[in-house]
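Before any comments, here is the structure.
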Amino acid sequence: MPNDSTEWPTRALVRPRTSGEGATSAILGALPRSEWTVFDSVRLAGRRTPLQVAVGPQGVFVVESRRRPWVSARDELRPGGVRQDVVVAATRAAAAVTELTGLVEPKHVTAVVCFVGREVEPVVAGDVVICSTRNLLAILTTGTAVLGADRLQLVTLDLDTSLGTSHRTAPRRR
């Protein structure tokens, strides 16, 4: 499709995403490859929707994408906070990922519920961080580093064998 100058664009046009996972994956793709590994489409037992798992110096983050529901009565965000079932499901997902590796303390595995296409100020509900796609990267990268380079590599390799899913990571050093 030509632009106003009647020329064809030289780069691909941004297309709308059909799922929250795709939009969140694109945002997680901005994490520095030298420090972060992102596992996409992680399927855990008992869950219908896939998750993303991001492993970096600040810990392990189990990210669940939530799109605005078509029916407003099913909305996860309420004036008093977030629906309890959303928080419980995210906590269970983080616990399941924690069980996959014994190389990281449970306190360094964080459940994150990321609302796509909505403005949400970051808050903590229980042990779950609630945020929007606009502030997701800040949530992941602004904490204290808890995993050194060696531990980070071990956790990534351990999760790679446990999850058996596609991921993007830093190129291996020779």
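Each chain in the structure tokens gets a letter, A, B and so on, in the order shown; residues start at 1 in every chain, and ligands are counted from 1 in the order they appear.
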(request) Quick one: everything within 7 Å of Glu64 of chain A, counting only C-alpha atoms, minus sequence neighbours fewer than 4 positions away in the same chain. Send it as a ChimeraX atom specification. (result) /A:51-52,112-114
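For Thr98 of chain A, the set of protein, DNA and RNA residues having any atom at most 10 Å away, when counting only C-alpha atoms and skipping those fewer than 4 positions along the same chain, is Val60, Val62, Arg92, Ala93, Ala94, Gly102, Leu103, Val104, Glu105, Pro106, Lys107, His108, Val109, Thr110 and Leu159 of chain A.
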For those residues, write N, CA, C and O atoms to a file as a short mmCIF file (atom, residue, chain, number, x, y, z; two decimals), in the first residue's frame.
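Here's the written file out_36.cif:
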```
data_model
loop_
_atom_site.label_atom_id
_atom_site.label_comp_id
_atom_site.auth_asym_id
_atom_site.auth_seq_id
_atom_site.Cartn_x
_atom_site.Cartn_y
_atom_site.Cartn_z
N VAL A 60 13.51 -14.80 37.06
CA VAL A 60 12.67 -15.50 36.10
C VAL A 60 11.28 -14.90 36.19
O VAL A 60 10.72 -14.78 37.29
N VAL A 62 7.35 -15.15 34.75
CA VAL A 62 6.34 -15.94 34.06
C VAL A 62 5.24 -14.96 33.66
O VAL A 62 4.50 -14.47 34.52
N ARG A 92 -0.01 -19.92 40.41
CA ARG A 92 0.18 -21.35 40.11
C ARG A 92 1.14 -21.55 38.94
O ARG A 92 1.95 -22.46 38.95
N ALA A 93 1.03 -20.71 37.94
CA ALA A 93 1.93 -20.82 36.79
C ALA A 93 3.38 -20.57 37.20
O ALA A 93 4.29 -21.29 36.79
N ALA A 94 3.60 -19.56 38.04
CA ALA A 94 4.96 -19.27 38.52
C ALA A 94 5.48 -20.42 39.37
O ALA A 94 6.65 -20.80 39.26
N GLY A 102 15.52 -26.39 39.96
CA GLY A 102 15.91 -26.20 41.34
C GLY A 102 17.07 -25.24 41.47
O GLY A 102 17.68 -25.12 42.54
N LEU A 103 17.38 -24.54 40.40
CA LEU A 103 18.55 -23.67 40.37
C LEU A 103 18.26 -22.22 40.72
O LEU A 103 19.17 -21.40 40.76
N VAL A 104 17.02 -21.90 40.96
CA VAL A 104 16.65 -20.54 41.30
C VAL A 104 15.67 -20.58 42.47
O VAL A 104 14.80 -21.44 42.53
N GLU A 105 15.86 -19.67 43.41
CA GLU A 105 14.99 -19.63 44.58
C GLU A 105 13.59 -19.20 44.16
O GLU A 105 13.44 -18.34 43.28
N PRO A 106 12.56 -19.74 44.79
CA PRO A 106 11.18 -19.36 44.44
C PRO A 106 10.93 -17.86 44.51
O PRO A 106 10.14 -17.33 43.74
N LYS A 107 11.60 -17.16 45.41
CA LYS A 107 11.37 -15.71 45.53
C LYS A 107 11.89 -14.94 44.31
O LYS A 107 11.55 -13.78 44.12
N HIS A 108 12.71 -15.60 43.48
CA HIS A 108 13.23 -14.95 42.28
C HIS A 108 12.46 -15.33 41.01
O HIS A 108 12.88 -15.00 39.90
N VAL A 109 11.35 -16.05 41.19
CA VAL A 109 10.44 -16.36 40.08
C VAL A 109 9.19 -15.52 40.29
O VAL A 109 8.48 -15.69 41.28
N THR A 110 8.93 -14.62 39.37
CA THR A 110 7.85 -13.64 39.54
C THR A 110 6.75 -13.88 38.51
O THR A 110 7.03 -13.98 37.31
N LEU A 159 15.80 -24.74 32.09
CA LEU A 159 14.45 -24.48 31.60
C LEU A 159 14.30 -24.89 30.14
O LEU A 159 13.23 -25.34 29.73
#
```
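Rounded to one decimal, atom CA of Asp40 of chain A and atom CA of Ala95 of chain A lie 17.7 Å from each other.
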Tell me, as a PDB file with all heavy atoms, in the first residue's frame, which residues lie within 9 Å of Thr141 of chain A, counting only C-alpha atoms; anything in the same chain fewer than 2 positions away does not count.
```
ATOM      1  N   LEU A  31      14.069  -7.023  24.816  1.00  0.00           N
ATOM      2  CA  LEU A  31      15.055  -7.264  25.882  1.00  0.00           C
ATOM      3  C   LEU A  31      16.419  -7.559  25.263  1.00  0.00           C
ATOM      4  O   LEU A  31      16.496  -8.207  24.216  1.00  0.00           O
ATOM      5  CB  LEU A  31      14.615  -8.450  26.748  1.00  0.00           C
ATOM      6  CG  LEU A  31      13.405  -8.207  27.641  1.00  0.00           C
ATOM      7  CD1 LEU A  31      12.887  -9.528  28.207  1.00  0.00           C
ATOM      8  CD2 LEU A  31      13.759  -7.255  28.764  1.00  0.00           C
ATOM      9  N   GLY A  56      16.409 -13.513  33.045  1.00  0.00           N
ATOM     10  CA  GLY A  56      17.427 -12.485  32.943  1.00  0.00           C
ATOM     11  C   GLY A  56      18.072 -12.228  34.288  1.00  0.00           C
ATOM     12  O   GLY A  56      17.791 -12.924  35.271  1.00  0.00           O
ATOM     13  N   PRO A  57      18.951 -11.254  34.363  1.00  0.00           N
ATOM     14  CA  PRO A  57      19.660 -10.966  35.607  1.00  0.00           C
ATOM     15  C   PRO A  57      18.724 -10.672  36.784  1.00  0.00           C
ATOM     16  O   PRO A  57      19.056 -10.963  37.928  1.00  0.00           O
ATOM     17  CB  PRO A  57      20.503  -9.734  35.268  1.00  0.00           C
ATOM     18  CG  PRO A  57      20.596  -9.699  33.796  1.00  0.00           C
ATOM     19  CD  PRO A  57      19.365 -10.361  33.274  1.00  0.00           C
ATOM     20  N   GLN A  58      17.541 -10.102  36.518  1.00  0.00           N
ATOM     21  CA  GLN A  58      16.608  -9.763  37.593  1.00  0.00           C
ATOM     22  C   GLN A  58      15.764 -10.949  38.035  1.00  0.00           C
ATOM     23  O   GLN A  58      14.943 -10.815  38.924  1.00  0.00           O
ATOM     24  CB  GLN A  58      15.697  -8.608  37.163  1.00  0.00           C
ATOM     25  CG  GLN A  58      16.384  -7.266  37.141  1.00  0.00           C
ATOM     26  CD  GLN A  58      17.256  -7.058  35.905  1.00  0.00           C
ATOM     27  OE1 GLN A  58      17.242  -7.827  34.966  1.00  0.00           O
ATOM     28  NE2 GLN A  58      18.039  -5.988  35.915  1.00  0.00           N
ATOM     29  N   LEU A 136       5.742  -3.105  30.785  1.00  0.00           N
ATOM     30  CA  LEU A 136       6.264  -4.454  31.000  1.00  0.00           C
ATOM     31  C   LEU A 136       7.793  -4.491  31.039  1.00  0.00           C
ATOM     32  O   LEU A 136       8.386  -5.091  31.935  1.00  0.00           O
ATOM     33  CB  LEU A 136       5.739  -5.410  29.927  1.00  0.00           C
ATOM     34  CG  LEU A 136       6.261  -6.841  29.984  1.00  0.00           C
ATOM     35  CD1 LEU A 136       5.879  -7.510  31.300  1.00  0.00           C
ATOM     36  CD2 LEU A 136       5.749  -7.647  28.797  1.00  0.00           C
ATOM     37  N   LEU A 137       8.446  -3.858  30.084  1.00  0.00           N
ATOM     38  CA  LEU A 137       9.920  -3.889  30.055  1.00  0.00           C
ATOM     39  C   LEU A 137      10.522  -3.267  31.307  1.00  0.00           C
ATOM     40  O   LEU A 137      11.504  -3.778  31.848  1.00  0.00           O
ATOM     41  CB  LEU A 137      10.455  -3.177  28.814  1.00  0.00           C
ATOM     42  CG  LEU A 137      10.254  -3.916  27.493  1.00  0.00           C
ATOM     43  CD1 LEU A 137      10.808  -3.091  26.345  1.00  0.00           C
ATOM     44  CD2 LEU A 137      10.885  -5.282  27.527  1.00  0.00           C
ATOM     45  N   ALA A 138       9.938  -2.199  31.792  1.00  0.00           N
ATOM     46  CA  ALA A 138      10.443  -1.560  33.016  1.00  0.00           C
ATOM     47  C   ALA A 138      10.293  -2.500  34.204  1.00  0.00           C
ATOM     48  O   ALA A 138      11.188  -2.580  35.055  1.00  0.00           O
ATOM     49  CB  ALA A 138       9.713  -0.253  33.271  1.00  0.00           C
ATOM     50  N   ILE A 139       9.198  -3.236  34.268  1.00  0.00           N
ATOM     51  CA  ILE A 139       8.978  -4.187  35.366  1.00  0.00           C
ATOM     52  C   ILE A 139      10.085  -5.236  35.376  1.00  0.00           C
ATOM     53  O   ILE A 139      10.628  -5.575  36.428  1.00  0.00           O
ATOM     54  CB  ILE A 139       7.603  -4.876  35.217  1.00  0.00           C
ATOM     55  CG1 ILE A 139       6.456  -3.874  35.329  1.00  0.00           C
ATOM     56  CG2 ILE A 139       7.443  -6.033  36.194  1.00  0.00           C
ATOM     57  CD1 ILE A 139       6.307  -3.238  36.678  1.00  0.00           C
ATOM     58  N   GLY A 143      14.833  -4.075  38.412  1.00  0.00           N
ATOM     59  CA  GLY A 143      15.103  -4.627  39.734  1.00  0.00           C
ATOM     60  C   GLY A 143      16.586  -4.882  39.924  1.00  0.00           C
ATOM     61  O   GLY A 143      17.405  -4.710  39.021  1.00  0.00           O
ATOM     62  N   THR A 144      16.927  -5.312  41.114  1.00  0.00           N
ATOM     63  CA  THR A 144      18.302  -5.681  41.421  1.00  0.00           C
ATOM     64  C   THR A 144      18.631  -6.996  40.740  1.00  0.00           C
ATOM     65  O   THR A 144      17.809  -7.923  40.730  1.00  0.00           O
ATOM     66  CB  THR A 144      18.470  -5.843  42.945  1.00  0.00           C
ATOM     67  OG1 THR A 144      18.057  -4.631  43.579  1.00  0.00           O
ATOM     68  CG2 THR A 144      19.895  -6.167  43.311  1.00  0.00           C
ATOM     69  N   ALA A 145      19.818  -7.107  40.191  1.00  0.00           N
ATOM     70  CA  ALA A 145      20.245  -8.365  39.572  1.00  0.00           C
ATOM     71  C   ALA A 145      20.395  -9.425  40.654  1.00  0.00           C
ATOM     72  O   ALA A 145      21.062  -9.207  41.665  1.00  0.00           O
ATOM     73  CB  ALA A 145      21.555  -8.165  38.830  1.00  0.00           C
TER      74      ALA A 145
END
```
(request) Have a look at atom CA of Ser25 of chain A and atom CA of Ala54 of chain A and let me know their distance in Å, one decimal. (result)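 Here the two named atoms are 10.0 Å from each other.
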(request) Record the distance separating atom CA of Ile27 of chain A and atom CA of Val120 of chain A, expressed in Å with one decimal. (result)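 Those two atoms sit 15.9 Å apart.
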(message) I need the residues of segment 11-143 of chain A that end up classed as strand (DSSP E or B) by DSSP on the backbone, written out as a VMD selection string.
(response) chain A and resid 37 to 42 51 to 56 59 to 67 77 to 78 81 to 82 109 to 116 123 to 125 128 to 132
(request) For Val87 of chain A, list every protein, DNA or RNA residue within 12 Å, evaluated using only C-alpha atoms, and leave out those in the same chain fewer than 2 positions away; present the list as a list in words. (result)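 Within the cut-off, the hits are Glu64, Arg66, Glu76, Leu77, Gly81, Val82, Arg83, Gln84, Asp85, Ala89, Ala90, Thr91, Arg92, Ala93, Ala94, Thr110, Ala111, Val112, Val113, Cys114, Val123, Val124, Ala125, Gly126, Asp127, Val128, Val129 and Ile130 of chain A.
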(message) Let me make sure I understand: among A:Thr49, A:Ser41, A:Thr101, A:Thr24, which one has the smallest atom-to-atom distance to Val155 of chain A if we use only C-alpha atoms?
(response) A:Thr101
